[in-house]
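One file, query.csv, is given below (CSV, C-alpha atoms).
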```
chain,number,residue,atom,x,y,z
A,1,MET,CA,38.2,0.0,7.6
A,2,ASP,CA,39.6,3.1,6.0
A,3,GLY,CA,38.1,2.1,2.6
A,4,THR,CA,34.7,1.4,4.1
A,5,ASP,CA,34.7,4.7,5.9
A,6,ALA,CA,35.7,6.5,2.7
A,7,GLY,CA,32.8,4.8,0.9
A,8,ARG,CA,30.3,5.7,3.6
A,9,LEU,CA,31.4,9.4,3.5
A,10,ILE,CA,31.0,9.5,-0.3
A,11,ALA,CA,27.6,7.9,0.1
A,12,PHE,CA,26.5,10.6,2.5
A,13,ALA,CA,27.9,13.2,0.0
A,14,LEU,CA,25.8,11.8,-2.8
A,15,ASP,CA,22.6,11.9,-0.7
A,16,VAL,CA,21.2,15.4,-1.2
A,17,THR,CA,19.0,15.0,1.9
A,18,ALA,CA,21.9,14.1,4.2
A,19,GLU,CA,23.3,16.7,6.7
A,20,PRO,CA,25.8,16.3,9.5
A,21,GLY,CA,24.2,16.1,12.9
A,22,ASN,CA,24.6,14.9,16.5
A,23,SER,CA,23.1,11.4,16.5
A,24,GLY,CA,22.2,8.5,14.4
A,25,GLN,CA,23.1,8.6,10.7
A,26,ALA,CA,23.6,12.3,10.9
A,27,GLY,CA,26.1,11.8,13.7
A,28,ASP,CA,28.0,9.2,11.7
A,29,TYR,CA,28.2,11.7,8.8
A,30,ARG,CA,29.6,14.3,11.1
A,31,ASN,CA,32.2,11.9,12.5
A,32,LEU,CA,33.3,10.9,9.0
A,33,LEU,CA,33.4,14.5,7.9
A,34,ASP,CA,35.5,15.5,10.8
A,35,ARG,CA,37.9,12.8,10.0
A,36,TYR,CA,38.1,14.0,6.4
A,37,ARG,CA,38.9,17.5,7.6
A,38,THR,CA,41.5,16.5,10.1
A,39,ASP,CA,43.1,13.3,8.9
A,40,ALA,CA,45.4,13.9,5.9
A,41,SER,CA,45.8,10.3,4.9
A,42,PHE,CA,42.0,9.6,5.1
A,43,ARG,CA,41.4,12.8,3.0
A,44,ARG,CA,43.9,11.6,0.4
A,45,LEU,CA,42.1,8.3,0.2
A,46,VAL,CA,38.7,9.9,-0.3
A,47,ASP,CA,40.1,12.4,-2.8
A,48,ASP,CA,41.7,9.6,-4.8
A,49,ILE,CA,38.5,7.6,-5.0
A,50,LEU,CA,36.6,10.6,-6.1
A,51,GLU,CA,39.2,11.5,-8.7
A,52,GLY,CA,38.8,8.0,-10.2
A,53,ALA,CA,35.0,8.5,-10.3
A,54,GLY,CA,35.4,11.9,-12.1
A,55,CYS,CA,34.5,14.0,-9.0
A,56,PHE,CA,36.3,16.2,-6.5
A,57,VAL,CA,35.4,17.9,-3.2
A,58,ALA,CA,34.1,21.5,-3.7
A,59,MET,CA,33.5,22.1,0.0
A,60,ALA,CA,33.9,20.2,3.3
A,61,ASP,CA,31.6,22.2,5.6
A,62,PRO,CA,30.9,21.0,9.2
A,63,HIS,CA,27.2,22.2,8.9
A,64,ARG,CA,26.4,21.4,5.2
A,65,GLY,CA,28.5,18.4,4.7
A,66,LEU,CA,30.8,17.2,1.9
A,67,LEU,CA,29.8,18.9,-1.3
A,68,LEU,CA,31.0,17.3,-4.6
A,69,ASP,CA,31.6,18.7,-8.0
A,70,THR,CA,32.2,16.8,-11.2
A,71,ASP,CA,34.7,16.8,-14.0
A,72,PRO,CA,33.0,17.9,-17.2
A,73,GLY,CA,33.6,14.7,-19.0
A,74,GLY,CA,33.1,12.4,-16.0
A,75,PRO,CA,30.3,9.9,-15.5
A,76,TRP,CA,28.6,12.1,-12.9
A,77,ALA,CA,28.6,15.2,-15.1
A,78,TRP,CA,25.3,16.9,-16.1
A,79,PRO,CA,23.8,14.6,-18.8
A,80,GLN,CA,23.6,15.5,-22.4
A,81,ARG,CA,20.2,13.7,-22.6
A,82,THR,CA,17.9,12.3,-20.0
A,83,ALA,CA,14.2,11.7,-19.9
A,84,ASP,CA,14.2,12.9,-16.2
A,85,LEU,CA,15.0,16.4,-17.1
A,86,PRO,CA,12.0,18.7,-17.5
A,87,TRP,CA,13.4,20.2,-20.7
A,88,ASN,CA,14.4,17.0,-22.5
A,89,LYS,CA,11.9,17.4,-25.4
A,90,ASN,CA,13.6,20.7,-26.5
A,91,PHE,CA,17.1,19.8,-25.5
A,92,GLU,CA,18.5,20.5,-28.9
A,93,ASN,CA,17.0,24.0,-28.8
A,94,ALA,CA,19.7,26.4,-27.6
A,95,SER,CA,17.1,28.9,-26.5
A,96,ALA,CA,15.2,26.4,-24.4
A,97,ARG,CA,18.4,25.3,-22.7
A,98,ALA,CA,19.5,28.9,-22.1
A,99,MET,CA,16.2,29.9,-20.6
A,100,ARG,CA,16.0,26.9,-18.2
A,101,LEU,CA,19.6,27.5,-17.1
A,102,LEU,CA,18.6,31.0,-16.1
A,103,VAL,CA,15.9,29.8,-13.6
A,104,PRO,CA,18.0,28.2,-10.8
A,105,VAL,CA,20.5,31.0,-10.9
A,106,ALA,CA,17.8,33.6,-10.7
A,107,LEU,CA,16.2,31.7,-7.8
A,108,LEU,CA,19.5,32.0,-5.9
A,109,ALA,CA,19.6,35.8,-6.5
A,110,TYR,CA,15.9,36.1,-5.6
A,111,VAL,CA,16.4,34.7,-2.1
A,112,ALA,CA,20.0,36.0,-1.5
A,113,PRO,CA,20.6,39.3,-3.2
A,114,SER,CA,24.2,39.4,-1.9
A,115,ALA,CA,27.0,37.1,-0.8
A,116,ALA,CA,26.3,38.3,2.8
A,117,ASP,CA,22.7,37.2,2.5
A,118,PHE,CA,23.9,33.9,1.1
A,119,ASP,CA,26.3,33.3,4.1
A,120,GLU,CA,23.6,34.4,6.6
A,121,LEU,CA,21.2,31.8,5.3
A,122,LEU,CA,23.8,29.1,5.4
A,123,SER,CA,25.2,30.0,8.8
A,124,ASP,CA,22.0,30.5,10.8
A,125,PRO,CA,20.2,27.2,11.4
A,126,ALA,CA,17.0,29.1,12.2
A,127,ALA,CA,16.9,31.0,9.0
A,128,VAL,CA,14.5,29.8,6.2
A,129,THR,CA,14.7,31.1,2.7
A,130,THR,CA,11.8,33.2,1.3
A,131,THR,CA,9.1,31.7,-0.9
A,132,CYS,CA,8.0,32.5,-4.4
A,133,THR,CA,5.6,31.3,-7.0
A,134,ALA,CA,6.6,30.5,-10.6
A,135,THR,CA,4.8,33.7,-11.6
A,136,GLN,CA,6.9,35.8,-9.2
A,137,LEU,CA,10.2,34.3,-10.2
A,138,ALA,CA,9.3,34.6,-13.9
A,139,GLN,CA,8.4,38.3,-13.5
A,140,PHE,CA,11.7,38.8,-11.7
A,141,ILE,CA,13.7,37.2,-14.5
A,142,THR,CA,11.7,39.2,-17.1
A,143,ASP,CA,12.3,42.5,-15.3
A,144,TYR,CA,16.0,41.7,-15.1
A,145,ALA,CA,16.1,40.8,-18.8
A,146,ARG,CA,14.3,44.0,-19.8
A,147,HIS,CA,16.7,45.9,-17.6
A,148,LYS,CA,19.7,44.3,-19.4
A,149,GLU,CA,18.1,45.0,-22.8
A,150,SER,CA,17.8,48.7,-22.0
A,151,GLU,CA,21.5,48.8,-21.2
A,152,ALA,CA,22.8,46.8,-24.1
A,153,MET,CA,23.0,46.8,-27.9
A,154,ASP,CA,21.7,43.9,-29.9
A,155,PRO,CA,23.9,40.9,-29.2
A,156,ALA,CA,26.5,39.9,-31.8
A,157,GLU,CA,26.0,36.6,-33.6
A,158,GLY,CA,27.4,33.8,-31.4
A,159,GLU,CA,27.5,36.0,-28.3
A,160,VAL,CA,23.8,35.9,-27.3
A,161,PRO,CA,23.4,36.3,-23.5
A,162,LEU,CA,20.9,34.2,-21.5
A,163,TRP,CA,18.6,37.2,-20.9
A,164,TRP,CA,18.1,37.7,-24.6
A,165,HIS,CA,16.8,34.2,-25.0
A,166,TRP,CA,14.4,34.9,-22.2
A,167,LEU,CA,12.8,37.8,-23.9
A,168,GLN,CA,11.9,35.6,-26.8
A,169,LEU,CA,9.2,33.9,-24.7
A,170,PRO,CA,5.5,34.9,-25.1
A,171,ALA,CA,4.6,37.8,-22.9
A,172,HIS,CA,2.9,37.1,-19.6
A,173,VAL,CA,-0.9,37.4,-19.8
A,174,PRO,CA,-2.2,37.8,-16.2
A,175,THR,CA,-5.9,37.7,-17.3
A,176,ALA,CA,-5.5,34.2,-18.9
A,177,LYS,CA,-7.2,31.4,-17.0
A,178,ARG,CA,-4.1,29.3,-16.9
A,179,ALA,CA,-0.4,29.5,-17.8
A,180,GLY,CA,0.3,28.5,-21.4
A,181,ARG,CA,2.9,25.8,-21.9
A,182,ARG,CA,5.1,28.1,-23.9
A,183,SER,CA,4.9,30.9,-21.3
A,184,ALA,CA,7.7,32.1,-19.0
A,185,GLU,CA,5.8,31.1,-15.8
A,186,TYR,CA,5.2,27.6,-17.1
A,187,LEU,CA,8.9,27.2,-17.9
A,188,VAL,CA,9.8,28.4,-14.4
A,189,HIS,CA,7.2,26.0,-12.9
A,190,GLU,CA,8.8,23.0,-14.8
A,191,VAL,CA,12.3,23.8,-13.4
A,192,LEU,CA,11.0,24.4,-9.9
A,193,ALA,CA,9.0,21.2,-10.0
A,194,PHE,CA,12.1,19.3,-11.1
A,195,LEU,CA,14.2,20.8,-8.3
A,196,HIS,CA,11.3,19.9,-5.9
A,197,GLY,CA,11.5,16.3,-7.1
A,198,GLN,CA,15.3,16.3,-6.3
A,199,ARG,CA,14.5,17.6,-2.8
A,200,LEU,CA,16.4,20.8,-3.4
A,201,VAL,CA,13.3,23.0,-3.3
A,202,VAL,CA,10.3,22.7,-0.9
A,203,LYS,CA,6.7,23.1,-2.2
A,204,SER,CA,4.8,24.7,0.6
A,205,GLY,CA,1.4,25.2,-1.0
A,206,GLY,CA,-0.8,25.6,-4.1
A,207,THR,CA,-2.0,23.1,-6.7
A,208,THR,CA,-1.7,25.0,-10.0
A,209,VAL,CA,1.2,26.4,-12.0
A,210,ARG,CA,0.4,29.9,-10.8
A,211,ASP,CA,-0.4,29.4,-7.2
A,212,SER,CA,2.2,26.8,-6.2
A,213,ILE,CA,4.6,28.2,-3.7
A,214,TYR,CA,8.2,27.1,-3.6
A,215,ARG,CA,11.3,27.9,-1.5
A,216,PRO,CA,14.9,26.6,-2.0
A,217,ARG,CA,16.3,24.4,0.8
A,218,ARG,CA,19.4,25.7,2.5
A,219,LEU,CA,21.0,22.6,1.1
A,220,PHE,CA,20.4,23.9,-2.4
A,221,LEU,CA,22.2,27.1,-1.5
A,222,ALA,CA,25.1,25.2,0.0
A,223,ARG,CA,25.5,23.1,-3.1
A,224,CYS,CA,25.5,26.3,-5.2
A,225,ARG,CA,27.9,28.2,-3.0
A,226,ALA,CA,30.7,28.1,-5.6
A,227,MET,CA,28.4,30.1,-7.9
A,228,LEU,CA,29.1,33.2,-5.9
A,229,ALA,CA,32.0,33.7,-8.2
A,230,ASP,CA,29.8,33.5,-11.2
A,231,ASP,CA,29.3,36.7,-13.2
A,232,LEU,CA,25.7,35.9,-14.0
A,233,LEU,CA,24.7,35.4,-10.4
A,234,GLY,CA,26.6,38.5,-9.4
A,235,ASP,CA,24.7,40.5,-12.0
A,236,LEU,CA,21.3,39.1,-10.9
A,237,GLN,CA,22.2,39.8,-7.3
A,238,ALA,CA,23.1,43.4,-8.1
A,239,TYR,CA,19.8,43.8,-9.9
A,240,ALA,CA,17.8,42.1,-7.0
A,241,ALA,CA,19.5,44.4,-4.5
A,242,LYS,CA,18.2,47.5,-6.3
A,243,ARG,CA,14.6,46.3,-6.4
A,244,PRO,CA,12.1,48.3,-4.3
A,245,THR,CA,11.1,45.2,-2.3
A,246,GLN,CA,13.6,42.5,-1.5
A,247,PRO,CA,12.9,39.0,-0.1
A,248,VAL,CA,13.9,38.4,3.5
A,249,ALA,CA,14.5,35.2,5.4
A,250,ALA,CA,11.9,34.0,7.9
A,251,LEU,CA,13.1,33.2,11.4
A,252,ALA,CA,11.2,30.0,12.1
A,253,PRO,CA,12.0,26.8,10.2
A,254,GLN,CA,9.1,25.0,8.4
A,255,ALA,CA,8.2,21.3,8.7
A,256,GLY,CA,10.4,19.1,6.6
A,257,GLU,CA,13.5,21.4,6.7
```
Using structure tokens, write down the structure that the file contains.
Amino acid sequence: MDGTDAGRLIAFALDVTAEPGNSGQAGDYRNLLDRYRTDASFRRLVDDILEGAGCFVAMADPHRGLLLDTDPGGPWAWPQRTADLPWNKNFENASARAMRLLVPVALLAYVAPSAADFDELLSDPAAVTTTCTATQLAQFITDYARHKESEAMDPAEGEVPLWWHWLQLPAHVPTAKRAGRRSAEYLVHEVLAFLHGQRLVVKSGGTTVRDSIYRPRRLFLARCRAMLADDLLGDLQAYAAKRPTQPVAALAPQAGE
């Protein structure tokens, strides 16, 4: 029975749409999570299974669930190649990888300019993260990159920061009829669309690259909670906090949340 319960808890943890609740499957998840948090022998069993699979528990939160992280060389680690990734065609291109890596981190800073904002969004079930278009997020990243460029000298060889790669993208042309596939906004759109396909980002409107509206799920923030210790996110948050207008959370949840 213990082994079955451990497997069920891990299955819930691997389902990005699952959250602990009060009834049904969500209630089962909460009960198993409570057991993990209070039963030392059960927790060791789950941890041992995860260790064998190349994973470990990053957070056991009563509201957000059991959040897993992976060992770098484990079978669940971020793949070196996959046709499912939006950037697979240019995966060998260091600049392409760097620019796409910047997008989800910037999205976190865009909706939560501080650790306190982060915690508020996670702790308040009624809070809903702000929305943005690919164009808005691309402009935020571009403004941040230009800000960093104004403060820094040319990067030394082998020490190129992510923002430097971003500035190599073609400039945004607002008068163009549509976003070019090599533009910053199209790149952001690709990553947001991928996150939407993984149910980590909600698409709440629009049909084109420029007018599609996205917002990150609170689950996405929860799974990225450990990034609050990351220097890049901290730097982006510091920049976001200084902007004239800052995103704020809505108070009413939208359908599908």
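One distance worth recording is that between CA of Pro20 (chain A) and CA of Val201 (chain A), which is 19.1 Å.
Using all atoms listed in the file, the protein and nucleic acid residues lying at most 6 Å from the point (27.1, 31.9, -12.6) are Met227, Asp230, Asp231, Leu232 and Leu233 of chain A.
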Step by step: start from the point (32.0, 10.0, -13.2) in the file's coordinates, keep every protein, DNA or RNA residue that has an atom no farther than 9 Å from it, count all atoms listed in the file, and write the set as a ChimeraX atom specification.
/A:50-55,70-77
Near Gly3 (chain A), within 9 Å and counting only C-alpha atoms, which residues show up once chain neighbours fewer than 4 positions away are dropped, as number ranges by chain?
A: 7-8, 42, 45-46
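Separating CA of Leu121 (chain A) from CA of His63 (chain A) is a distance of 11.9 Å.
Here CA of Leu9 (chain A) stands at a distance of 26.6 Å from CA of Val128 (chain A).
Each of A:Arg64, A:Leu192, A:Pro104, A:Leu14 was checked against Pro125 (chain A) using only C-alpha atoms; the smallest atom-to-atom distance is that of A:Arg64.
Among the candidate residues A:Asp119, A:Asp143, A:Glu151, A:Asp28, the one lying nearest to Ala106 (chain A) is A:Asp143, with distances computed using only C-alpha atoms.
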